[in-house]
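Engineer: Dropping in structure.cif, which is mmCIF, C-alpha atoms:
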```
data_final
loop_
_atom_site.label_atom_id
_atom_site.label_comp_id
_atom_site.auth_asym_id
_atom_site.auth_seq_id
_atom_site.Cartn_x
_atom_site.Cartn_y
_atom_site.Cartn_z
CA MET A 1 -47.70 -12.80 58.03
CA THR A 2 -50.72 -11.36 56.28
CA ARG A 3 -52.57 -8.10 56.85
CA SER A 4 -55.18 -9.91 58.96
CA GLU A 5 -52.51 -11.64 61.05
CA LEU A 6 -50.85 -8.28 61.61
CA ILE A 7 -54.20 -6.86 62.76
CA ALA A 8 -54.75 -9.86 65.05
CA GLU A 9 -51.30 -9.48 66.60
CA LEU A 10 -51.74 -5.73 67.13
CA ALA A 11 -55.14 -6.40 68.73
CA ARG A 12 -53.58 -9.00 71.04
CA LEU A 13 -50.96 -6.47 72.19
CA ASN A 14 -53.63 -3.80 72.73
CA PRO A 15 -56.60 -5.52 74.35
CA HIS A 16 -58.10 -2.15 75.34
CA LEU A 17 -58.69 -1.22 71.68
CA MET A 18 -61.73 -2.09 69.64
CA GLN A 19 -61.16 -4.43 66.70
CA ARG A 20 -62.53 -1.72 64.40
CA ASP A 21 -59.87 0.73 65.62
CA VAL A 22 -57.05 -1.78 65.22
CA GLU A 23 -58.16 -2.38 61.64
CA ALA A 24 -58.31 1.36 61.02
CA ILE A 25 -54.79 1.85 62.41
CA VAL A 26 -53.26 -0.75 60.08
CA ALA A 27 -55.26 0.52 57.10
CA THR A 28 -54.27 4.13 57.80
CA VAL A 29 -50.55 3.34 57.97
CA PHE A 30 -50.46 1.62 54.57
CA ASP A 31 -53.01 3.98 52.97
CA GLU A 32 -50.95 7.01 54.01
CA ILE A 33 -47.79 5.50 52.56
CA THR A 34 -49.69 4.77 49.35
CA ALA A 35 -51.12 8.30 49.19
CA ALA A 36 -47.69 9.85 49.74
CA LEU A 37 -46.17 7.76 46.95
CA ALA A 38 -49.10 8.64 44.66
CA ARG A 39 -48.26 12.33 45.24
CA GLY A 40 -44.67 11.56 44.29
CA ASP A 41 -43.47 11.99 47.86
CA ARG A 42 -40.94 9.82 49.59
CA VAL A 43 -41.70 8.04 52.86
CA GLU A 44 -38.77 7.70 55.21
CA LEU A 45 -39.13 5.62 58.36
CA ARG A 46 -35.79 5.64 60.14
CA GLY A 47 -34.70 2.21 61.25
CA PHE A 48 -37.36 0.55 59.10
CA GLY A 49 -36.78 1.76 55.58
CA ALA A 50 -37.73 4.21 52.88
CA PHE A 51 -40.38 4.03 50.18
CA SER A 52 -39.81 6.04 47.05
CA VAL A 53 -41.08 6.28 43.49
CA LYS A 54 -38.85 5.68 40.51
CA ALA A 55 -39.71 6.70 36.98
CA ARG A 56 -39.51 4.17 34.17
CA ALA A 57 -38.90 5.55 30.70
CA PRO A 58 -41.30 4.68 27.90
CA ARG A 59 -40.16 1.76 25.78
CA ILE A 60 -41.19 -0.29 22.81
CA GLY A 61 -42.57 -3.58 23.99
CA ARG A 62 -43.88 -6.46 21.97
CA ASN A 63 -47.16 -8.24 22.01
CA PRO A 64 -45.93 -11.68 23.07
CA ARG A 65 -48.60 -13.44 21.02
CA THR A 66 -48.27 -11.60 17.71
CA GLY A 67 -44.73 -10.22 18.01
CA GLU A 68 -46.15 -6.84 17.05
CA PRO A 69 -44.32 -3.86 18.57
CA VAL A 70 -46.41 -1.81 20.99
CA GLU A 71 -45.56 1.35 22.81
CA VAL A 72 -45.33 0.98 26.56
CA GLY A 73 -45.73 4.37 28.15
CA SER A 74 -43.54 5.78 30.91
CA LYS A 75 -44.66 4.74 34.33
CA ARG A 76 -43.75 5.11 37.96
CA MET A 77 -42.78 2.24 40.20
CA PRO A 78 -42.79 2.09 43.98
CA PHE A 79 -39.50 1.11 45.52
CA PHE A 80 -38.52 0.10 49.05
CA LYS A 81 -35.08 0.16 50.60
CA ALA A 82 -34.67 -1.43 54.01
CA GLY A 83 -33.13 0.76 56.69
CA LYS A 84 -29.87 -0.09 58.38
CA GLU A 85 -31.49 -1.28 61.59
CA LEU A 86 -33.92 -3.59 59.78
CA ARG A 87 -31.14 -4.98 57.57
CA GLU A 88 -29.13 -5.77 60.69
CA ARG A 89 -32.12 -7.28 62.42
CA ILE A 90 -32.74 -9.60 59.47
CA ASN A 91 -29.08 -10.62 59.51
CA ARG A 92 -28.72 -10.94 63.25
CA PRO A 93 -25.97 -13.54 63.47
CA GLY A 94 -27.19 -17.00 64.29
CA PRO A 95 -24.60 -19.59 65.33
CA ALA A 96 -23.80 -20.58 61.73
CA ARG A 97 -23.16 -17.06 60.58
CA ARG A 98 -21.13 -16.20 63.67
CA ALA A 99 -18.85 -19.16 62.92
CA ALA A 100 -18.52 -18.06 59.27
CA VAL A 101 -17.64 -14.51 60.33
CA ALA A 102 -15.05 -15.82 62.78
CA THR A 103 -13.47 -17.98 60.06
CA ALA A 104 -13.46 -15.12 57.55
CA GLN A 105 -11.82 -12.78 60.00
CA GLY A 106 -9.19 -15.39 60.84
CA MET B 1 -45.34 16.33 41.72
CA ALA B 2 -42.32 15.25 43.72
CA GLY B 3 -40.39 16.54 46.61
CA GLN B 4 -41.80 16.11 50.09
CA THR B 5 -40.61 13.52 52.55
CA VAL B 6 -43.20 11.89 54.75
CA THR B 7 -41.94 10.61 58.09
CA ARG B 8 -43.28 8.88 61.20
CA ALA B 9 -44.69 12.18 62.41
CA GLN B 10 -47.13 12.49 59.49
CA LEU B 11 -48.13 8.82 59.62
CA ALA B 12 -48.77 9.07 63.36
CA GLU B 13 -50.80 12.25 62.76
CA ALA B 14 -52.92 10.41 60.16
CA VAL B 15 -53.58 7.59 62.65
CA TYR B 16 -54.48 10.23 65.24
CA GLU B 17 -56.97 11.88 62.87
CA GLN B 18 -58.47 8.65 61.55
CA VAL B 19 -58.82 6.69 64.76
CA GLY B 20 -59.26 9.31 67.44
CA LEU B 21 -56.82 7.99 70.02
CA SER B 22 -54.31 10.30 71.68
CA ARG B 23 -51.35 11.56 69.64
CA ASN B 24 -49.01 9.71 71.94
CA GLU B 25 -50.84 6.41 71.62
CA SER B 26 -51.18 6.86 67.84
CA ALA B 27 -47.41 7.22 67.57
CA GLN B 28 -46.88 4.13 69.72
CA LEU B 29 -49.31 2.09 67.63
CA LEU B 30 -47.55 3.12 64.41
CA GLU B 31 -44.32 1.94 66.02
CA SER B 32 -45.97 -1.36 66.98
CA VAL B 33 -47.11 -1.92 63.39
CA LEU B 34 -43.59 -1.33 62.04
CA ASP B 35 -42.10 -3.48 64.79
CA LEU B 36 -44.46 -6.40 64.12
CA VAL B 37 -43.59 -6.28 60.41
CA ALA B 38 -39.86 -6.09 61.20
CA GLY B 39 -40.14 -8.93 63.73
CA ALA B 40 -41.85 -11.25 61.25
CA LEU B 41 -39.18 -10.46 58.64
CA ALA B 42 -36.38 -11.01 61.19
CA SER B 43 -37.77 -14.48 61.85
CA GLY B 44 -37.58 -15.13 58.10
CA GLU B 45 -41.30 -14.83 57.50
CA SER B 46 -42.72 -12.90 54.53
CA VAL B 47 -45.20 -10.13 55.24
CA LYS B 48 -48.05 -9.83 52.79
CA ILE B 49 -50.18 -6.72 53.09
CA SER B 50 -53.13 -6.99 50.72
CA SER B 51 -53.49 -4.11 48.24
CA PHE B 52 -50.09 -2.78 49.34
CA GLY B 53 -47.39 -5.35 48.72
CA THR B 54 -45.25 -8.17 50.00
CA PHE B 55 -42.03 -7.91 51.97
CA ALA B 56 -39.91 -11.02 51.69
CA VAL B 57 -36.49 -12.09 52.92
CA ARG B 58 -34.19 -13.61 50.35
CA GLN B 59 -31.10 -15.61 51.18
CA LYS B 60 -27.96 -14.68 49.26
CA GLY B 61 -25.14 -17.17 48.97
CA ARG B 62 -21.46 -16.65 49.70
CA ARG B 63 -19.51 -15.10 46.87
CA ILE B 64 -16.12 -13.60 46.27
CA GLY B 65 -16.03 -9.85 46.16
CA ARG B 66 -13.14 -7.52 45.58
CA ASN B 67 -12.12 -4.38 47.35
CA PRO B 68 -12.48 -1.89 44.47
CA LYS B 69 -9.67 0.28 45.79
CA THR B 70 -7.02 -2.35 46.49
CA GLY B 71 -8.19 -5.19 44.25
CA VAL B 72 -7.87 -7.60 47.16
CA GLU B 73 -10.34 -10.48 47.05
CA VAL B 74 -12.60 -10.72 50.06
CA PRO B 75 -15.33 -13.25 50.71
CA ILE B 76 -18.84 -11.83 50.91
CA LEU B 77 -20.63 -13.93 53.47
CA PRO B 78 -24.07 -15.42 52.96
CA ARG B 79 -26.62 -12.84 54.01
CA LYS B 80 -30.27 -12.09 53.84
CA VAL B 81 -31.75 -9.25 51.86
CA LEU B 82 -35.19 -7.74 52.02
CA VAL B 83 -37.21 -7.40 48.86
CA PHE B 84 -40.50 -5.55 48.45
CA ARG B 85 -42.95 -6.50 45.73
CA PRO B 86 -45.60 -3.83 45.25
CA SER B 87 -49.14 -5.04 44.66
CA GLN B 88 -51.02 -4.26 41.44
CA VAL B 89 -53.23 -1.95 43.48
CA LEU B 90 -50.26 0.07 44.72
CA LYS B 91 -48.71 0.29 41.25
CA ALA B 92 -52.02 1.46 39.81
CA ARG B 93 -52.47 4.11 42.52
CA ILE B 94 -49.00 5.49 41.93
CA ASN B 95 -49.67 5.79 38.22
CA GLY B 96 -53.05 7.40 38.77
CA GLU B 97 -54.88 4.47 37.23
CA PRO B 98 -58.08 2.87 38.46
CA ALA B 99 -57.52 -0.01 40.87
CA PRO B 100 -57.36 -3.38 39.12
CA ASP B 101 -59.81 -6.14 39.97
CA GLY B 102 -58.88 -8.42 42.81
CA ASP B 103 -57.08 -7.49 45.95
CA GLU B 104 -54.03 -9.70 45.99
CA ALA B 105 -50.82 -8.39 47.49
#
```
Represent the structure contained in this file as structure tokens.
Structural biologist:
Amino acid sequence: MTRSELIAELARLNPHLMQRDVEAIVATVFDEITAALARGDRVELRGFGAFSVKARAPRIGRNPRTGEPVEVGSKRMPFFKAGKELRERINRPGPARRAAVATAQG
Amino acid sequence: MAGQTVTRAQLAEAVYEQVGLSRNESAQLLESVLDLVAGALASGESVKISSFGTFAVRQKGRRIGRNPKTGVEVPILPRKVLVFRPSQVLKARINGEPAPDGDEA
């Protein structure tokens, strides 16, 4: 699913909304998460997951072409951890898994 | 820099301010967005949000684990895990850098 497919699906579920508004809703959600992370905040969406920022220490890298050492500054990386509900939803037992669980549990 | 936690309430408020629908409907629409993303992932589909990132489901095989307390071997069943790959745009924003060219997720 891409951003435009997500917009199309949301528009289909909400036929009373203008396309422009549906686009703005989707943009706002991801822009707000981005802005929060840029401030160094954490975004916690119970049942879905949490976005956070982790710091990476500076390190000495190497120019892969010349082998010359170069300093790579410290940087911050966005990180996402799926919430319990989403993890369970992704792993909702299909027949194969249910059989495996039954076998494992004896 | 750090510290605050943003939750559904703030995201719904932002939708309310940006789009001009009722607070109640803004909150419901936020929920719909999250639910559509979760539903696609649950069906095994990746979700690629341009200039934000890609959520993908990865299949992990069966392996033997060990109860760290008792040392008893237990099988860890095959399972699916969710991975998020931030886009270059998101990484740049978080590091206060100008957005890179292109808009790929």
Engineer: Here's the selection I'm unsure about, the PyMOL selection byres ((chain A and resi 72-77) around 10); applied to the file above, which residues does it give, as JSON, numbers by chain?
Structural biologist: {"A": [37, 38, 40, 52, 53, 54, 55, 56, 57, 58, 59, 60, 61, 62, 69, 70, 71, 78, 79], "B": [86, 90, 91, 92, 93, 94, 95, 96]}
Engineer: Within 9 Å of chain A, which residues of chain B show up when using all atoms listed in the file, listed as a CSV table (one decimal) with C-alpha atoms, keeping the file's coordinate frame?
Structural biologist:
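Result saved to iface.csv:
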```csv
chain,number,residue,atom,x,y,z
B,1,MET,CA,-45.3,16.3,41.7
B,2,ALA,CA,-42.3,15.2,43.7
B,3,GLY,CA,-40.4,16.5,46.6
B,4,GLN,CA,-41.8,16.1,50.1
B,5,THR,CA,-40.6,13.5,52.6
B,6,VAL,CA,-43.2,11.9,54.8
B,7,THR,CA,-41.9,10.6,58.1
B,8,ARG,CA,-43.3,8.9,61.2
B,10,GLN,CA,-47.1,12.5,59.5
B,11,LEU,CA,-48.1,8.8,59.6
B,12,ALA,CA,-48.8,9.1,63.4
B,14,ALA,CA,-52.9,10.4,60.2
B,15,VAL,CA,-53.6,7.6,62.6
B,16,TYR,CA,-54.5,10.2,65.2
B,18,GLN,CA,-58.5,8.6,61.6
B,19,VAL,CA,-58.8,6.7,64.8
B,20,GLY,CA,-59.3,9.3,67.4
B,26,SER,CA,-51.2,6.9,67.8
B,29,LEU,CA,-49.3,2.1,67.6
B,30,LEU,CA,-47.6,3.1,64.4
B,32,SER,CA,-46.0,-1.4,67.0
B,33,VAL,CA,-47.1,-1.9,63.4
B,34,LEU,CA,-43.6,-1.3,62.0
B,35,ASP,CA,-42.1,-3.5,64.8
B,36,LEU,CA,-44.5,-6.4,64.1
B,37,VAL,CA,-43.6,-6.3,60.4
B,38,ALA,CA,-39.9,-6.1,61.2
B,39,GLY,CA,-40.1,-8.9,63.7
B,40,ALA,CA,-41.8,-11.2,61.2
B,41,LEU,CA,-39.2,-10.5,58.6
B,42,ALA,CA,-36.4,-11.0,61.2
B,43,SER,CA,-37.8,-14.5,61.8
B,44,GLY,CA,-37.6,-15.1,58.1
B,45,GLU,CA,-41.3,-14.8,57.5
B,46,SER,CA,-42.7,-12.9,54.5
B,47,VAL,CA,-45.2,-10.1,55.2
B,48,LYS,CA,-48.0,-9.8,52.8
B,49,ILE,CA,-50.2,-6.7,53.1
B,50,SER,CA,-53.1,-7.0,50.7
B,52,PHE,CA,-50.1,-2.8,49.3
B,54,THR,CA,-45.2,-8.2,50.0
B,57,VAL,CA,-36.5,-12.1,52.9
B,74,VAL,CA,-12.6,-10.7,50.1
B,75,PRO,CA,-15.3,-13.2,50.7
B,77,LEU,CA,-20.6,-13.9,53.5
B,78,PRO,CA,-24.1,-15.4,53.0
B,79,ARG,CA,-26.6,-12.8,54.0
B,80,LYS,CA,-30.3,-12.1,53.8
B,81,VAL,CA,-31.8,-9.2,51.9
B,82,LEU,CA,-35.2,-7.7,52.0
B,83,VAL,CA,-37.2,-7.4,48.9
B,84,PHE,CA,-40.5,-5.6,48.4
B,85,ARG,CA,-43.0,-6.5,45.7
B,86,PRO,CA,-45.6,-3.8,45.2
B,90,LEU,CA,-50.3,0.1,44.7
B,91,LYS,CA,-48.7,0.3,41.2
B,93,ARG,CA,-52.5,4.1,42.5
B,94,ILE,CA,-49.0,5.5,41.9
B,95,ASN,CA,-49.7,5.8,38.2
B,96,GLY,CA,-53.0,7.4,38.8
```
Engineer: Please measure the separation of atom CA of B:Ala27 and atom CA of A:His16, giving the value in Å to one decimal.
Structural biologist: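 About the pair atom CA of B:Ala27 and atom CA of A:His16: they are 16.2 Å apart.
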Engineer: For the atom pair atom CA of B:Gly53 and atom CA of B:Asn24, what is the interatomic distance in Å to one decimal place?
Structural biologist: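 Between these atoms lies a distance of 27.7 Å.
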Engineer: Output stretch 28-43 of chain A from the block with all heavy atoms, as a PDB file, in the first residue's frame?
Structural biologist:
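Output file selection33.pdb is given in full below:
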```pdb
ATOM      1  N   THR A  28      -1.242  15.393   7.274  1.00  0.00           N
ATOM      2  CA  THR A  28      -1.112  15.942   8.627  1.00  0.00           C
ATOM      3  C   THR A  28      -0.632  14.877   9.613  1.00  0.00           C
ATOM      4  O   THR A  28       0.248  15.142  10.440  1.00  0.00           O
ATOM      5  CB  THR A  28      -2.453  16.542   9.106  1.00  0.00           C
ATOM      6  OG1 THR A  28      -2.848  17.557   8.186  1.00  0.00           O
ATOM      7  CG2 THR A  28      -2.331  17.130  10.503  1.00  0.00           C
ATOM      8  N   VAL A  29      -1.205  13.678   9.504  1.00  0.00           N
ATOM      9  CA  VAL A  29      -0.822  12.610  10.440  1.00  0.00           C
ATOM     10  C   VAL A  29       0.689  12.356  10.359  1.00  0.00           C
ATOM     11  O   VAL A  29       1.395  12.387  11.371  1.00  0.00           O
ATOM     12  CB  VAL A  29      -1.614  11.311  10.157  1.00  0.00           C
ATOM     13  CG1 VAL A  29      -1.064  10.149  10.976  1.00  0.00           C
ATOM     14  CG2 VAL A  29      -3.097  11.522  10.436  1.00  0.00           C
ATOM     15  N   PHE A  30       1.196  12.141   9.133  1.00  0.00           N
ATOM     16  CA  PHE A  30       2.618  11.800   9.020  1.00  0.00           C
ATOM     17  C   PHE A  30       3.516  13.022   9.227  1.00  0.00           C
ATOM     18  O   PHE A  30       4.614  12.900   9.776  1.00  0.00           O
ATOM     19  CB  PHE A  30       2.884  11.084   7.689  1.00  0.00           C
ATOM     20  CG  PHE A  30       2.209   9.739   7.639  1.00  0.00           C
ATOM     21  CD1 PHE A  30       1.069   9.535   6.885  1.00  0.00           C
ATOM     22  CD2 PHE A  30       2.689   8.689   8.420  1.00  0.00           C
ATOM     23  CE1 PHE A  30       0.427   8.298   6.882  1.00  0.00           C
ATOM     24  CE2 PHE A  30       2.047   7.453   8.430  1.00  0.00           C
ATOM     25  CZ  PHE A  30       0.910   7.257   7.656  1.00  0.00           C
ATOM     26  N   ASP A  31       3.045  14.205   8.849  1.00  0.00           N
ATOM     27  CA  ASP A  31       3.832  15.422   9.095  1.00  0.00           C
ATOM     28  C   ASP A  31       3.961  15.705  10.588  1.00  0.00           C
ATOM     29  O   ASP A  31       5.014  16.153  11.049  1.00  0.00           O
ATOM     30  CB  ASP A  31       3.183  16.630   8.402  1.00  0.00           C
ATOM     31  CG  ASP A  31       3.352  16.591   6.890  1.00  0.00           C
ATOM     32  OD1 ASP A  31       4.083  15.696   6.398  1.00  0.00           O
ATOM     33  OD2 ASP A  31       2.752  17.430   6.202  1.00  0.00           O
ATOM     34  N   GLU A  32       2.890  15.477  11.333  1.00  0.00           N
ATOM     35  CA  GLU A  32       2.935  15.721  12.778  1.00  0.00           C
ATOM     36  C   GLU A  32       3.880  14.753  13.475  1.00  0.00           C
ATOM     37  O   GLU A  32       4.586  15.131  14.401  1.00  0.00           O
ATOM     38  CB  GLU A  32       1.537  15.598  13.392  1.00  0.00           C
ATOM     39  CG  GLU A  32       0.670  16.813  13.193  1.00  0.00           C
ATOM     40  CD  GLU A  32       1.271  18.080  13.798  1.00  0.00           C
ATOM     41  OE1 GLU A  32       1.633  18.057  14.991  1.00  0.00           O
ATOM     42  OE2 GLU A  32       1.391  19.077  13.079  1.00  0.00           O
ATOM     43  N   ILE A  33       3.857  13.499  13.030  1.00  0.00           N
ATOM     44  CA  ILE A  33       4.786  12.518  13.606  1.00  0.00           C
ATOM     45  C   ILE A  33       6.219  12.955  13.305  1.00  0.00           C
ATOM     46  O   ILE A  33       7.081  12.967  14.187  1.00  0.00           O
ATOM     47  CB  ILE A  33       4.510  11.094  13.060  1.00  0.00           C
ATOM     48  CG1 ILE A  33       3.110  10.628  13.488  1.00  0.00           C
ATOM     49  CG2 ILE A  33       5.575  10.108  13.551  1.00  0.00           C
ATOM     50  CD1 ILE A  33       2.668   9.310  12.853  1.00  0.00           C
ATOM     51  N   THR A  34       6.452  13.366  12.052  1.00  0.00           N
ATOM     52  CA  THR A  34       7.786  13.833  11.660  1.00  0.00           C
ATOM     53  C   THR A  34       8.225  15.030  12.492  1.00  0.00           C
ATOM     54  O   THR A  34       9.354  15.069  13.002  1.00  0.00           O
ATOM     55  CB  THR A  34       7.783  14.226  10.160  1.00  0.00           C
ATOM     56  OG1 THR A  34       7.390  13.088   9.396  1.00  0.00           O
ATOM     57  CG2 THR A  34       9.149  14.688   9.701  1.00  0.00           C
ATOM     58  N   ALA A  35       7.316  16.007  12.657  1.00  0.00           N
ATOM     59  CA  ALA A  35       7.655  17.216  13.418  1.00  0.00           C
ATOM     60  C   ALA A  35       7.977  16.877  14.869  1.00  0.00           C
ATOM     61  O   ALA A  35       8.916  17.432  15.454  1.00  0.00           O
ATOM     62  CB  ALA A  35       6.500  18.215  13.338  1.00  0.00           C
ATOM     63  N   ALA A  36       7.201  15.961  15.446  1.00  0.00           N
ATOM     64  CA  ALA A  36       7.445  15.569  16.839  1.00  0.00           C
ATOM     65  C   ALA A  36       8.825  14.937  16.977  1.00  0.00           C
ATOM     66  O   ALA A  36       9.597  15.283  17.879  1.00  0.00           O
ATOM     67  CB  ALA A  36       6.368  14.596  17.307  1.00  0.00           C
ATOM     68  N   LEU A  37       9.163  14.046  16.047  1.00  0.00           N
ATOM     69  CA  LEU A  37      10.471  13.383  16.098  1.00  0.00           C
ATOM     70  C   LEU A  37      11.596  14.391  15.886  1.00  0.00           C
ATOM     71  O   LEU A  37      12.651  14.310  16.523  1.00  0.00           O
ATOM     72  CB  LEU A  37      10.542  12.262  15.051  1.00  0.00           C
ATOM     73  CG  LEU A  37       9.584  11.081  15.278  1.00  0.00           C
ATOM     74  CD1 LEU A  37       9.643  10.115  14.105  1.00  0.00           C
ATOM     75  CD2 LEU A  37       9.893  10.348  16.573  1.00  0.00           C
ATOM     76  N   ALA A  38      11.363  15.380  15.009  1.00  0.00           N
ATOM     77  CA  ALA A  38      12.374  16.412  14.757  1.00  0.00           C
ATOM     78  C   ALA A  38      12.622  17.244  16.020  1.00  0.00           C
ATOM     79  O   ALA A  38      13.735  17.738  16.225  1.00  0.00           O
ATOM     80  CB  ALA A  38      11.936  17.296  13.598  1.00  0.00           C
ATOM     81  N   ARG A  39      11.596  17.397  16.867  1.00  0.00           N
ATOM     82  CA  ARG A  39      11.769  18.107  18.145  1.00  0.00           C
ATOM     83  C   ARG A  39      12.438  17.218  19.180  1.00  0.00           C
ATOM     84  O   ARG A  39      12.732  17.655  20.286  1.00  0.00           O
ATOM     85  CB  ARG A  39      10.394  18.511  18.721  1.00  0.00           C
ATOM     86  CG  ARG A  39       9.637  19.567  17.966  1.00  0.00           C
ATOM     87  CD  ARG A  39       8.466  20.084  18.813  1.00  0.00           C
ATOM     88  NE  ARG A  39       7.501  19.055  19.160  1.00  0.00           N
ATOM     89  CZ  ARG A  39       6.414  18.766  18.437  1.00  0.00           C
ATOM     90  NH1 ARG A  39       6.158  19.415  17.327  1.00  0.00           N
ATOM     91  NH2 ARG A  39       5.577  17.827  18.834  1.00  0.00           N
ATOM     92  N   GLY A  40      12.590  15.937  18.863  1.00  0.00           N
ATOM     93  CA  GLY A  40      13.150  14.997  19.828  1.00  0.00           C
ATOM     94  C   GLY A  40      12.089  14.366  20.697  1.00  0.00           C
ATOM     95  O   GLY A  40      12.406  13.674  21.662  1.00  0.00           O
ATOM     96  N   ASP A  41      10.825  14.586  20.352  1.00  0.00           N
ATOM     97  CA  ASP A  41       9.733  13.974  21.110  1.00  0.00           C
ATOM     98  C   ASP A  41       9.534  12.528  20.668  1.00  0.00           C
ATOM     99  O   ASP A  41      10.034  12.098  19.639  1.00  0.00           O
ATOM    100  CB  ASP A  41       8.420  14.730  20.865  1.00  0.00           C
ATOM    101  CG  ASP A  41       8.412  16.100  21.519  1.00  0.00           C
ATOM    102  OD1 ASP A  41       9.362  16.400  22.275  1.00  0.00           O
ATOM    103  OD2 ASP A  41       7.471  16.867  21.261  1.00  0.00           O
ATOM    104  N   ARG A  42       8.746  11.847  21.462  1.00  0.00           N
ATOM    105  CA  ARG A  42       8.382  10.478  21.175  1.00  0.00           C
ATOM    106  C   ARG A  42       6.909  10.477  20.785  1.00  0.00           C
ATOM    107  O   ARG A  42       6.140  11.307  21.276  1.00  0.00           O
ATOM    108  CB  ARG A  42       8.600   9.730  22.488  1.00  0.00           C
ATOM    109  CG  ARG A  42       8.345   8.282  22.522  1.00  0.00           C
ATOM    110  CD  ARG A  42       8.537   7.817  23.985  1.00  0.00           C
ATOM    111  NE  ARG A  42       7.751   6.626  24.183  1.00  0.00           N
ATOM    112  CZ  ARG A  42       8.135   5.438  23.757  1.00  0.00           C
ATOM    113  NH1 ARG A  42       9.309   5.290  23.185  1.00  0.00           N
ATOM    114  NH2 ARG A  42       7.360   4.393  23.915  1.00  0.00           N
ATOM    115  N   VAL A  43       6.514   9.606  19.883  1.00  0.00           N
ATOM    116  CA  VAL A  43       5.105   9.533  19.493  1.00  0.00           C
ATOM    117  C   VAL A  43       4.586   8.146  19.857  1.00  0.00           C
ATOM    118  O   VAL A  43       5.101   7.143  19.364  1.00  0.00           O
ATOM    119  CB  VAL A  43       4.907   9.788  17.979  1.00  0.00           C
ATOM    120  CG1 VAL A  43       3.431   9.707  17.607  1.00  0.00           C
ATOM    121  CG2 VAL A  43       5.481  11.147  17.592  1.00  0.00           C
TER     122      VAL A  43
END
```
